[in-house]
$ cat input-v3.cif   # mmCIF, C-alpha atoms and all ligand atoms
data_data
#
loop_
_atom_site.group_PDB
_atom_site.id
_atom_site.type_symbol
_atom_site.label_atom_id
_atom_site.label_comp_id
_atom_site.auth_asym_id
_atom_site.auth_seq_id
_atom_site.Cartn_x
_atom_site.Cartn_y
_atom_site.Cartn_z
ATOM 1 C CA MET Y 1 89.188 268.090 238.802
ATOM 2 C CA LYS Y 2 87.487 268.197 242.176
ATOM 3 C CA ASP Y 3 84.180 268.834 240.419
ATOM 4 C CA LEU Y 4 84.715 265.781 238.201
ATOM 5 C CA LEU Y 5 85.380 263.567 241.176
ATOM 6 C CA THR Y 6 82.160 264.584 242.878
ATOM 7 C CA LYS Y 7 79.967 263.720 239.868
ATOM 8 C CA LYS Y 8 77.660 260.740 240.236
ATOM 9 C CA GLU Y 9 78.029 257.657 238.043
ATOM 10 C CA ILE Y 10 76.110 258.377 234.816
ATOM 11 C CA LEU Y 11 75.075 254.756 234.234
ATOM 12 C CA LYS Y 12 73.072 254.944 237.458
ATOM 13 C CA ALA Y 13 71.185 258.085 236.405
ATOM 14 C CA PRO Y 14 67.408 257.422 236.540
ATOM 15 C CA PHE Y 15 66.874 259.007 233.104
ATOM 16 C CA LEU Y 16 69.532 256.750 231.568
ATOM 17 C CA GLN Y 17 68.048 253.664 233.200
ATOM 18 C CA GLU Y 18 64.607 254.643 231.912
ATOM 19 C CA MET Y 19 66.071 254.771 228.398
ATOM 20 C CA THR Y 20 67.771 251.372 228.659
ATOM 21 C CA LYS Y 21 64.721 249.685 230.192
ATOM 22 C CA THR Y 22 62.295 251.222 227.715
ATOM 23 C CA THR Y 23 64.352 250.367 224.632
ATOM 24 C CA ALA Y 24 64.671 246.792 225.967
ATOM 25 C CA ASN Y 25 60.901 246.593 226.462
ATOM 26 C CA LEU Y 26 60.167 247.952 222.995
ATOM 27 C CA TYR Y 27 62.564 245.407 221.514
ATOM 28 C CA ARG Y 28 61.042 242.563 223.545
ATOM 29 C CA LEU Y 29 57.573 243.524 222.308
ATOM 30 C CA GLY Y 30 58.769 243.256 218.704
ATOM 31 C CA TRP Y 31 58.111 246.903 217.923
ATOM 32 C CA ASP Y 32 61.752 247.853 217.196
ATOM 33 C CA GLU Y 33 63.443 245.366 214.945
ATOM 34 C CA ARG Y 34 66.976 246.089 213.710
ATOM 35 C CA ASN Y 35 67.546 249.890 214.003
ATOM 36 C CA GLY Y 36 63.811 250.632 214.121
ATOM 37 C CA GLY Y 37 62.505 253.195 216.595
ATOM 38 C CA ASN Y 38 63.918 256.181 218.424
ATOM 39 C CA ILE Y 39 63.388 258.048 221.693
ATOM 40 C CA SER Y 40 64.296 261.550 222.842
ATOM 41 C CA TYR Y 41 63.824 262.658 226.441
ATOM 42 C CA LEU Y 42 64.090 266.303 227.502
ATOM 43 C CA LEU Y 43 66.339 266.687 230.567
ATOM 44 C CA LYS Y 44 66.798 269.570 232.970
ATOM 45 C CA GLU Y 45 70.289 271.073 233.140
ATOM 46 C CA GLU Y 46 70.471 270.412 236.887
ATOM 47 C CA GLU Y 47 69.623 266.736 236.279
ATOM 48 C CA VAL Y 48 72.472 266.403 233.767
ATOM 49 C CA ALA Y 49 74.901 268.422 235.911
ATOM 50 C CA GLU Y 50 74.661 265.864 238.717
ATOM 51 C CA TYR Y 51 76.462 263.422 236.409
ATOM 52 C CA LEU Y 52 78.386 265.431 233.797
ATOM 53 C CA ASP Y 53 80.416 268.610 233.447
ATOM 54 C CA VAL Y 54 78.029 270.463 231.102
ATOM 55 C CA ASN Y 55 80.935 272.578 229.795
ATOM 56 C CA ASP Y 56 82.808 269.510 228.584
ATOM 57 C CA VAL Y 57 81.553 269.163 224.990
ATOM 58 C CA LYS Y 58 82.899 266.016 223.304
ATOM 59 C CA ARG Y 59 81.784 266.856 219.762
ATOM 60 C CA THR Y 60 79.549 269.333 217.937
ATOM 61 C CA VAL Y 61 77.404 268.052 215.081
ATOM 62 C CA PRO Y 62 75.548 270.284 212.574
ATOM 63 C CA MET Y 63 71.760 269.958 212.232
ATOM 64 C CA MET Y 64 69.909 270.359 208.936
ATOM 65 C CA PHE Y 65 66.996 272.266 210.432
ATOM 66 C CA ASP Y 66 66.452 275.222 212.729
ATOM 67 C CA GLY Y 67 66.392 274.143 216.367
ATOM 68 C CA ALA Y 68 66.624 277.721 217.736
ATOM 69 C CA GLU Y 69 63.408 277.326 219.741
ATOM 70 C CA LEU Y 70 65.148 274.583 221.735
ATOM 71 C CA ALA Y 71 68.490 276.406 222.167
ATOM 72 C CA GLY Y 72 70.295 275.302 225.327
ATOM 73 C CA LYS Y 73 67.948 272.362 225.929
ATOM 74 C CA TYR Y 74 69.320 268.941 226.895
ATOM 75 C CA PHE Y 75 68.075 265.584 225.642
ATOM 76 C CA ILE Y 76 69.051 261.977 226.018
ATOM 77 C CA VAL Y 77 68.490 260.348 222.622
ATOM 78 C CA THR Y 78 68.889 257.017 220.871
ATOM 79 C CA GLY Y 79 71.584 256.924 218.179
ATOM 80 C CA SER Y 80 71.121 256.785 214.424
ATOM 81 C CA GLY Y 81 71.437 253.253 213.051
ATOM 82 C CA LYS Y 82 71.654 251.772 216.564
ATOM 83 C CA TYR Y 83 69.695 248.671 217.537
ATOM 84 C CA PHE Y 84 67.328 248.871 220.536
ATOM 85 C CA LYS Y 85 68.308 245.246 221.189
ATOM 86 C CA ASN Y 86 71.836 246.409 222.078
ATOM 87 C CA VAL Y 87 71.168 249.508 224.192
ATOM 88 C CA ILE Y 88 70.962 247.745 227.553
ATOM 89 C CA ASP Y 89 74.404 246.111 227.121
ATOM 90 C CA ASP Y 90 76.203 249.211 225.831
ATOM 91 C CA PRO Y 91 74.380 252.463 226.625
ATOM 92 C CA ALA Y 92 77.403 254.674 225.835
ATOM 93 C CA ALA Y 93 77.601 253.423 222.222
ATOM 94 C CA ASN Y 94 73.859 253.507 221.551
ATOM 95 C CA LEU Y 95 72.589 256.548 223.475
ATOM 96 C CA GLY Y 96 73.752 260.149 223.674
ATOM 97 C CA ILE Y 97 73.232 263.191 225.867
ATOM 98 C CA ILE Y 98 73.037 266.270 223.663
ATOM 99 C CA ARG Y 99 72.421 270.020 223.996
ATOM 100 C CA ILE Y 100 71.071 272.223 221.206
ATOM 101 C CA THR Y 101 73.504 275.090 220.515
ATOM 102 C CA GLU Y 102 72.501 278.730 221.026
ATOM 103 C CA ASP Y 103 72.069 279.381 217.276
ATOM 104 C CA GLY Y 104 69.941 276.231 216.893
ATOM 105 C CA LYS Y 105 72.104 275.032 213.989
ATOM 106 C CA SER Y 106 74.091 272.300 215.757
ATOM 107 C CA LEU Y 107 74.070 270.049 218.748
ATOM 108 C CA ASP Y 108 76.745 269.443 221.348
ATOM 109 C CA ILE Y 109 77.360 265.849 222.364
ATOM 110 C CA LEU Y 110 78.161 265.726 226.096
ATOM 111 C CA TRP Y 111 78.141 261.984 226.629
ATOM 112 C CA GLY Y 112 77.711 258.724 224.676
ATOM 113 C CA LEU Y 113 77.332 258.122 220.915
ATOM 114 C CA GLU Y 114 80.835 256.752 221.162
ATOM 115 C CA GLU Y 115 82.724 255.732 218.023
ATOM 116 C CA GLY Y 116 81.410 258.695 216.017
ATOM 117 C CA GLY Y 117 77.681 258.048 216.449
ATOM 118 C CA VAL Y 118 75.036 260.717 215.841
ATOM 119 C CA PRO Y 119 71.486 261.153 217.193
ATOM 120 C CA THR Y 120 68.519 259.366 215.650
ATOM 121 C CA SER Y 121 67.778 259.915 211.958
ATOM 122 C CA GLU Y 122 64.320 261.089 213.059
ATOM 123 C CA LEU Y 123 65.754 264.020 215.033
ATOM 124 C CA PRO Y 124 63.814 266.620 212.940
ATOM 125 C CA SER Y 125 60.486 264.926 213.776
ATOM 126 C CA HIS Y 126 61.483 264.608 217.411
ATOM 127 C CA LEU Y 127 62.643 268.187 217.914
ATOM 128 C CA MET Y 128 59.775 269.740 215.941
ATOM 129 C CA SER Y 129 57.319 267.614 217.958
ATOM 130 C CA HIS Y 130 58.993 268.642 221.239
ATOM 131 C CA ILE Y 131 58.533 272.296 220.229
ATOM 132 C CA GLU Y 132 54.789 271.835 219.646
ATOM 133 C CA ARG Y 133 54.153 269.651 222.693
ATOM 134 C CA LEU Y 134 55.993 272.115 224.964
ATOM 135 C CA LYS Y 135 53.644 274.854 223.720
ATOM 136 C CA ALA Y 136 50.651 272.619 224.477
ATOM 137 C CA ASP Y 137 51.993 271.297 227.806
ATOM 138 C CA PRO Y 138 54.934 272.815 229.718
ATOM 139 C CA ASN Y 139 55.450 269.465 231.491
ATOM 140 C CA HIS Y 140 55.989 267.612 228.209
ATOM 141 C CA ARG Y 141 59.308 265.672 228.046
ATOM 142 C CA VAL Y 142 59.299 262.528 225.901
ATOM 143 C CA ILE Y 143 58.920 261.712 222.189
ATOM 144 C CA MET Y 144 58.933 258.014 221.286
ATOM 145 C CA HIS Y 145 58.737 256.377 217.861
ATOM 146 C CA CYS Y 146 58.297 252.652 217.267
ATOM 147 C CA HIS Y 147 57.040 250.135 214.726
ATOM 148 C CA ALA Y 148 54.027 248.826 216.673
ATOM 149 C CA THR Y 149 52.925 245.799 214.660
ATOM 150 C CA ASN Y 150 49.131 245.878 214.777
ATOM 151 C CA LEU Y 151 48.900 249.642 214.343
ATOM 152 C CA ILE Y 152 50.995 249.327 211.185
ATOM 153 C CA GLY Y 153 48.730 246.472 210.081
ATOM 154 C CA MET Y 154 45.633 248.627 210.545
ATOM 155 C CA THR Y 155 47.055 251.246 208.177
ATOM 156 C CA PHE Y 156 46.594 248.678 205.375
ATOM 157 C CA THR Y 157 43.096 247.482 206.239
ATOM 158 C CA HIS Y 158 41.385 250.443 207.927
ATOM 159 C CA SER Y 159 40.426 253.856 206.566
ATOM 160 C CA LEU Y 160 43.167 256.423 207.270
ATOM 161 C CA ASP Y 161 40.569 259.005 208.242
ATOM 162 C CA GLU Y 162 41.639 260.158 211.729
ATOM 163 C CA VAL Y 163 38.137 260.331 213.120
ATOM 164 C CA ALA Y 164 37.210 256.855 211.874
ATOM 165 C CA PHE Y 165 40.562 255.405 213.058
ATOM 166 C CA THR Y 166 40.185 257.005 216.485
ATOM 167 C CA LYS Y 167 36.645 255.698 216.849
ATOM 168 C CA THR Y 168 37.685 252.131 215.997
ATOM 169 C CA LEU Y 169 40.517 252.222 218.556
ATOM 170 C CA TRP Y 170 38.209 253.667 221.231
ATOM 171 C CA GLN Y 171 35.733 250.842 220.564
ATOM 172 C CA MET Y 172 38.329 248.074 220.876
ATOM 173 C CA CYS Y 173 39.232 248.577 224.552
ATOM 174 C CA THR Y 174 37.273 250.425 227.224
ATOM 175 C CA GLU Y 175 40.315 252.340 228.509
ATOM 176 C CA CYS Y 176 41.271 253.918 225.161
ATOM 177 C CA ILE Y 177 39.019 256.975 225.283
ATOM 178 C CA VAL Y 178 40.363 257.733 228.759
ATOM 179 C CA VAL Y 179 44.020 257.352 227.706
ATOM 180 C CA PHE Y 180 43.760 259.322 224.447
ATOM 181 C CA PRO Y 181 40.531 261.371 224.528
ATOM 182 C CA GLU Y 182 42.049 263.803 222.006
ATOM 183 C CA GLY Y 183 42.204 260.949 219.468
ATOM 184 C CA ILE Y 184 44.926 259.820 217.108
ATOM 185 C CA GLY Y 185 46.566 261.902 214.381
ATOM 186 C CA ILE Y 186 47.458 260.400 210.995
ATOM 187 C CA ILE Y 187 49.765 261.941 208.384
ATOM 188 C CA PRO Y 188 50.027 260.785 204.745
ATOM 189 C CA TRP Y 189 52.760 258.280 203.850
ATOM 190 C CA MET Y 190 56.052 260.208 203.646
ATOM 191 C CA VAL Y 191 59.780 259.482 203.436
ATOM 192 C CA PRO Y 192 61.123 259.087 206.996
ATOM 193 C CA GLY Y 193 63.981 261.158 208.404
ATOM 194 C CA THR Y 194 63.016 264.275 206.453
ATOM 195 C CA ASP Y 195 62.094 267.794 207.518
ATOM 196 C CA SER Y 196 58.758 267.365 205.722
ATOM 197 C CA ILE Y 197 57.668 264.390 207.810
ATOM 198 C CA GLY Y 198 58.871 266.284 210.884
ATOM 199 C CA LYS Y 199 56.702 269.281 210.021
ATOM 200 C CA ALA Y 200 53.644 267.133 209.280
ATOM 201 C CA THR Y 201 54.069 265.186 212.532
ATOM 202 C CA ALA Y 202 54.626 268.313 214.629
ATOM 203 C CA GLU Y 203 51.565 269.963 213.079
ATOM 204 C CA LYS Y 204 49.438 267.061 214.366
ATOM 205 C CA MET Y 205 51.207 267.198 217.742
ATOM 206 C CA LYS Y 206 49.600 270.611 218.313
ATOM 207 C CA GLU Y 207 46.356 268.736 219.045
ATOM 208 C CA VAL Y 208 47.233 265.101 219.777
ATOM 209 C CA ARG Y 209 49.953 263.094 221.543
ATOM 210 C CA SER Y 210 50.021 260.189 219.115
ATOM 211 C CA VAL Y 211 50.552 260.334 215.373
ATOM 212 C CA ILE Y 212 50.409 257.354 213.018
ATOM 213 C CA TRP Y 213 52.847 257.131 210.118
ATOM 214 C CA PRO Y 214 51.006 254.827 207.672
ATOM 215 C CA HIS Y 215 52.823 251.573 206.827
ATOM 216 C CA HIS Y 216 55.631 252.609 209.196
ATOM 217 C CA GLY Y 217 54.755 253.164 212.866
ATOM 218 C CA ILE Y 218 53.655 255.585 215.542
ATOM 219 C CA PHE Y 219 55.002 258.703 217.253
ATOM 220 C CA GLY Y 220 53.940 259.237 220.871
ATOM 221 C CA ALA Y 221 54.473 262.172 223.246
ATOM 222 C CA GLY Y 222 54.183 262.485 226.996
ATOM 223 C CA THR Y 223 55.311 264.039 230.254
ATOM 224 C CA THR Y 224 57.095 260.892 231.456
ATOM 225 C CA MET Y 225 58.603 257.774 229.892
ATOM 226 C CA ASP Y 226 55.891 255.621 231.501
ATOM 227 C CA GLU Y 227 53.068 257.806 230.251
ATOM 228 C CA THR Y 228 54.442 257.890 226.691
ATOM 229 C CA PHE Y 229 55.094 254.154 226.611
ATOM 230 C CA GLY Y 230 51.636 253.562 228.116
ATOM 231 C CA LEU Y 231 49.983 255.680 225.431
ATOM 232 C CA ILE Y 232 51.611 253.715 222.601
ATOM 233 C CA GLU Y 233 50.998 250.426 224.411
ATOM 234 C CA THR Y 234 47.292 251.218 224.807
ATOM 235 C CA ALA Y 235 46.808 252.217 221.161
ATOM 236 C CA GLU Y 236 48.731 249.126 220.024
ATOM 237 C CA LYS Y 237 46.645 246.878 222.321
ATOM 238 C CA ALA Y 238 43.469 248.275 220.746
ATOM 239 C CA ALA Y 239 44.944 247.601 217.296
ATOM 240 C CA GLU Y 240 45.784 244.049 218.379
ATOM 241 C CA VAL Y 241 42.183 243.516 219.484
ATOM 242 C CA TYR Y 242 41.067 244.911 216.109
ATOM 243 C CA THR Y 243 43.268 242.311 214.397
ATOM 244 C CA VAL Y 244 41.685 239.542 216.483
ATOM 245 C CA VAL Y 245 38.158 240.851 215.915
ATOM 246 C CA CYS Y 246 38.681 240.998 212.142
ATOM 247 C CA ALA Y 247 40.099 237.472 212.188
ATOM 248 C CA GLN Y 248 37.168 236.143 214.231
ATOM 249 C CA GLY Y 249 34.527 237.454 211.832
ATOM 250 C CA SER Y 250 31.608 239.862 211.850
ATOM 251 C CA VAL Y 251 31.078 242.160 214.833
ATOM 252 C CA LYS Y 252 27.850 241.429 216.754
ATOM 253 C CA GLN Y 253 28.133 244.297 219.260
ATOM 254 C CA THR Y 254 30.506 247.067 220.289
ATOM 255 C CA ILE Y 255 30.874 249.872 222.844
ATOM 256 C CA THR Y 256 28.181 252.378 221.851
ATOM 257 C CA ASP Y 257 28.778 256.101 221.388
ATOM 258 C CA GLN Y 258 26.681 256.765 224.504
ATOM 259 C CA GLN Y 259 28.812 254.336 226.506
ATOM 260 C CA LEU Y 260 31.981 256.044 225.235
ATOM 261 C CA GLN Y 261 30.547 259.400 226.355
ATOM 262 C CA ASP Y 262 29.623 257.893 229.742
ATOM 263 C CA LEU Y 263 33.240 256.722 230.111
ATOM 264 C CA ALA Y 264 34.567 260.172 229.259
ATOM 265 C CA ASP Y 265 32.195 261.748 231.797
ATOM 266 C CA ALA Y 266 33.128 259.226 234.493
ATOM 267 C CA PHE Y 267 36.851 259.885 234.013
ATOM 268 C CA GLY Y 268 36.557 263.637 233.476
ATOM 269 C CA VAL Y 269 37.995 263.761 229.952
ATOM 270 C CA VAL Y 270 36.676 265.599 226.899
ATOM 271 C CA PRO Y 271 36.500 263.378 223.810
ATOM 272 C CA ARG Y 272 37.590 264.762 220.472
ATOM 273 C CA GLN Y 273 34.766 266.510 218.620
ATOM 274 C CA GLU Y 274 33.148 264.726 215.651
ATOM 275 C CA VAL Y 275 34.041 261.186 216.778
ATOM 276 C CA LEU Y 276 30.893 260.437 218.735
ATOM 277 C CA ASN Y 277 27.488 260.801 217.071
ATOM 278 C CA LEU Y 278 25.212 261.789 219.946
HETATM 279 O O1 LIG Y 301 65.544 254.902 213.068
HETATM 280 O O2 LIG Y 301 62.566 253.881 212.868
HETATM 281 O O3 LIG Y 301 61.916 255.818 211.221
HETATM 282 C C1 LIG Y 301 64.834 253.949 212.407
HETATM 283 C C2 LIG Y 301 63.461 254.372 212.217
HETATM 284 C C3 LIG Y 301 63.202 255.399 211.210
HETATM 285 ZN ZN ZN Y 302 60.646 254.123 212.068
#
$ encode --input "input-v3.cif" --output "structure tokens"
Amino acid sequence: MKDLLTKKEILKAPFLQEMTKTTANLYRLGWDERNGGNISYLLKEEEVAEYLDVNDVKRTVPMMFDGAELAGKYFIVTGSGKYFKNVIDDPAANLGIIRITEDGKSLDILWGLEEGGVPTSELPSHLMSHIERLKADPNHRVIMHCHATNLIGMTFTHSLDEVAFTKTLWQMCTECIVVFPEGIGIIPWMVPGTDSIGKATAEKMKEVRSVIWPHHGIFGAGTTMDETFGLIETAEKAAEVYTVVCAQGSVKQTITDQQLQDLADAFGVVPRQEVLNL
């Protein structure tokens, strides 16, 4: 009882506020209509323990896939079927704090997802991507999925070849090659919410932090909420410029491959092989 009384107010937790502000921003930008989009954010046990009794499990929910590699890990996640529009007004109904069980077959709900809610339908893609990004970068923490309008549009009009897609995005805004020098991954069209799309996405996440789902949206990964949001925002801005450029007519000039290389050199990043012809 004493322990409970000394816990801080969960709604003031920085990680919870980051979730409410980010979902509100994604909604405002028009990238998460209805129940579109989902976020999962890896938390440290000590972060959670400042606000919650980590032994007080509200519910345990089975998972369809093997999460053993993430056993004992904590995440704050958006809920399945929940609307980003509504998160800011009712975080406890729309978000949840979960922990993967020791056998990796279920998850414990420690807070939120009130009224019988469950984590995002894209949990397989999120958890499999977390596993791969943690191998690539021990500081990795966030997976974010949204329906960024112009990126989706480009998957109808542009080649789905990753190298060609990456090059076009790099050419649309000077900052792109600096923000995602490793390029963009693209998987084939697949049914969302499945293990298969999770595996395909995570396979790409071994090499890149952003993966396009054709005619659907984008998955982004990063070490912080800002960095992950910024990555998606930058790719989407480039896609928006592409939309404008195509609408305006024929291209008279662009950023050359040498200029892209000069940018990479100036900012100390290594551009993905094969994209630049130098
Ligand atoms: O959760 O965006 O991909 C809604 C979605 C599924
Ligand atoms: Zn989606």
$ resolve_selection --input "input-v3.cif" --expression "the PyMOL selection byres (((chain Y and resi 52) around 12) and not hetatm)" --output "PyMOL selection string"
chain Y and resi 3-11+13+45-51+53-58+74+97-98+109-112
$ resolve_selection --input "input-v3.cif" --expression "the PyMOL selection byres (((not hetatm)) within 10 of (chain Y and resi 301))" --output "VMD selection string"
chain Y and resid 31 to 39 78 to 84 119 to 123 125 145 to 147 191 to 194 213 216 to 219
$ closest_residue --input "input-v3.cif" --among "Y:Pro214, Y:Leu134, Y:Glu162, Y:Leu42" --to "ligand ZN 302 (chain Y)" --atoms "all atoms listed in the file"
Y:Pro214
$ closest_residue --input "input-v3.cif" --among "Y:Ala200, Y:Ala148, Y:Val61, Y:Gly153" --to "ligand ZN 302 (chain Y)" --atoms "only C-alpha atoms and all ligand atoms"
Y:Ala148
$ closest_residue --input "input-v3.cif" --among "Y:Leu70, Y:Ser129, Y:Gly183, Y:Val87" --to "Ile100 (chain Y)" --atoms "only C-alpha atoms"
Y:Leu70
$ closest_residue --input "input-v3.cif" --among "Y:Val77, Y:Val208, Y:Val179, Y:Ile152" --to "ligand ZN 302 (chain Y)" --atoms "all atoms listed in the file"
Y:Ile152
$ closest_residue --input "input-v3.cif" --among "Y:Lys204, Y:Lys252, Y:His126, Y:Lys12" --to "ligand ZN 302 (chain Y)" --atoms "only C-alpha atoms and all ligand atoms"
Y:His126
$ atom_distance --input "input-v3.cif" --atom1 "CA of Ile184 (chain Y)" --atom2 "CA of Asp137 (chain Y)"
17.2 Å
$ build_atoms --input "input-v3.cif" --residues "region 136-159 of chain Y" --atoms "N, CA and C atoms" --output "PDB file, in the frame of the given file"
ATOM      1  N   ALA Y 136      51.943 273.139 224.019  1.00  0.00           N
ATOM      2  CA  ALA Y 136      50.651 272.619 224.477  1.00  0.00           C
ATOM      3  C   ALA Y 136      50.698 272.241 225.957  1.00  0.00           C
ATOM      4  N   ASP Y 137      51.888 271.819 226.442  1.00  0.00           N
ATOM      5  CA  ASP Y 137      51.993 271.297 227.806  1.00  0.00           C
ATOM      6  C   ASP Y 137      53.416 271.541 228.322  1.00  0.00           C
ATOM      7  N   PRO Y 138      53.574 272.495 229.233  1.00  0.00           N
ATOM      8  CA  PRO Y 138      54.934 272.815 229.718  1.00  0.00           C
ATOM      9  C   PRO Y 138      55.623 271.646 230.422  1.00  0.00           C
ATOM     10  N   ASN Y 139      54.853 270.636 230.835  1.00  0.00           N
ATOM     11  CA  ASN Y 139      55.450 269.465 231.491  1.00  0.00           C
ATOM     12  C   ASN Y 139      55.878 268.376 230.511  1.00  0.00           C
ATOM     13  N   HIS Y 140      55.635 268.608 229.224  1.00  0.00           N
ATOM     14  CA  HIS Y 140      55.989 267.612 228.209  1.00  0.00           C
ATOM     15  C   HIS Y 140      57.502 267.290 228.241  1.00  0.00           C
ATOM     16  N   ARG Y 141      57.876 266.020 228.049  1.00  0.00           N
ATOM     17  CA  ARG Y 141      59.308 265.672 228.046  1.00  0.00           C
ATOM     18  C   ARG Y 141      59.736 264.596 227.058  1.00  0.00           C
ATOM     19  N   VAL Y 142      58.841 263.708 226.654  1.00  0.00           N
ATOM     20  CA  VAL Y 142      59.299 262.528 225.901  1.00  0.00           C
ATOM     21  C   VAL Y 142      58.630 262.427 224.529  1.00  0.00           C
ATOM     22  N   ILE Y 143      59.440 262.113 223.500  1.00  0.00           N
ATOM     23  CA  ILE Y 143      58.920 261.712 222.189  1.00  0.00           C
ATOM     24  C   ILE Y 143      59.467 260.309 221.912  1.00  0.00           C
ATOM     25  N   MET Y 144      58.558 259.416 221.507  1.00  0.00           N
ATOM     26  CA  MET Y 144      58.933 258.014 221.286  1.00  0.00           C
ATOM     27  C   MET Y 144      58.356 257.554 219.948  1.00  0.00           C
ATOM     28  N   HIS Y 145      59.195 256.934 219.137  1.00  0.00           N
ATOM     29  CA  HIS Y 145      58.737 256.377 217.861  1.00  0.00           C
ATOM     30  C   HIS Y 145      59.022 254.889 217.846  1.00  0.00           C
ATOM     31  N   CYS Y 146      58.044 254.084 217.404  1.00  0.00           N
ATOM     32  CA  CYS Y 146      58.297 252.652 217.267  1.00  0.00           C
ATOM     33  C   CYS Y 146      57.440 252.071 216.151  1.00  0.00           C
ATOM     34  N   HIS Y 147      57.716 250.814 215.827  1.00  0.00           N
ATOM     35  CA  HIS Y 147      57.040 250.135 214.726  1.00  0.00           C
ATOM     36  C   HIS Y 147      56.033 249.135 215.301  1.00  0.00           C
ATOM     37  N   ALA Y 148      55.037 249.660 216.012  1.00  0.00           N
ATOM     38  CA  ALA Y 148      54.027 248.826 216.673  1.00  0.00           C
ATOM     39  C   ALA Y 148      53.260 248.023 215.615  1.00  0.00           C
ATOM     40  N   THR Y 149      53.327 246.712 215.746  1.00  0.00           N
ATOM     41  CA  THR Y 149      52.925 245.799 214.660  1.00  0.00           C
ATOM     42  C   THR Y 149      51.471 245.944 214.215  1.00  0.00           C
ATOM     43  N   ASN Y 150      50.548 245.890 215.163  1.00  0.00           N
ATOM     44  CA  ASN Y 150      49.131 245.878 214.777  1.00  0.00           C
ATOM     45  C   ASN Y 150      48.648 247.246 214.303  1.00  0.00           C
ATOM     46  N   LEU Y 151      49.241 248.299 214.842  1.00  0.00           N
ATOM     47  CA  LEU Y 151      48.900 249.642 214.343  1.00  0.00           C
ATOM     48  C   LEU Y 151      49.347 249.779 212.897  1.00  0.00           C
ATOM     49  N   ILE Y 152      50.540 249.292 212.581  1.00  0.00           N
ATOM     50  CA  ILE Y 152      50.995 249.327 211.185  1.00  0.00           C
ATOM     51  C   ILE Y 152      50.018 248.510 210.333  1.00  0.00           C
ATOM     52  N   GLY Y 153      49.664 247.326 210.825  1.00  0.00           N
ATOM     53  CA  GLY Y 153      48.730 246.472 210.081  1.00  0.00           C
ATOM     54  C   GLY Y 153      47.430 247.196 209.758  1.00  0.00           C
ATOM     55  N   MET Y 154      46.904 247.910 210.746  1.00  0.00           N
ATOM     56  CA  MET Y 154      45.633 248.627 210.545  1.00  0.00           C
ATOM     57  C   MET Y 154      45.721 249.687 209.457  1.00  0.00           C
ATOM     58  N   THR Y 155      46.944 250.197 209.207  1.00  0.00           N
ATOM     59  CA  THR Y 155      47.055 251.246 208.177  1.00  0.00           C
ATOM     60  C   THR Y 155      46.932 250.659 206.768  1.00  0.00           C
ATOM     61  N   PHE Y 156      46.870 249.316 206.670  1.00  0.00           N
ATOM     62  CA  PHE Y 156      46.594 248.678 205.375  1.00  0.00           C
ATOM     63  C   PHE Y 156      45.110 248.349 205.221  1.00  0.00           C
ATOM     64  N   THR Y 157      44.459 248.036 206.340  1.00  0.00           N
ATOM     65  CA  THR Y 157      43.096 247.482 206.239  1.00  0.00           C
ATOM     66  C   THR Y 157      42.012 248.467 206.657  1.00  0.00           C
ATOM     67  N   HIS Y 158      42.376 249.502 207.399  1.00  0.00           N
ATOM     68  CA  HIS Y 158      41.385 250.443 207.927  1.00  0.00           C
ATOM     69  C   HIS Y 158      41.476 251.766 207.172  1.00  0.00           C
ATOM     70  N   SER Y 159      40.390 252.501 207.115  1.00  0.00           N
ATOM     71  CA  SER Y 159      40.426 253.856 206.566  1.00  0.00           C
ATOM     72  C   SER Y 159      41.469 254.687 207.324  1.00  0.00           C
TER      73      SER Y 159
END
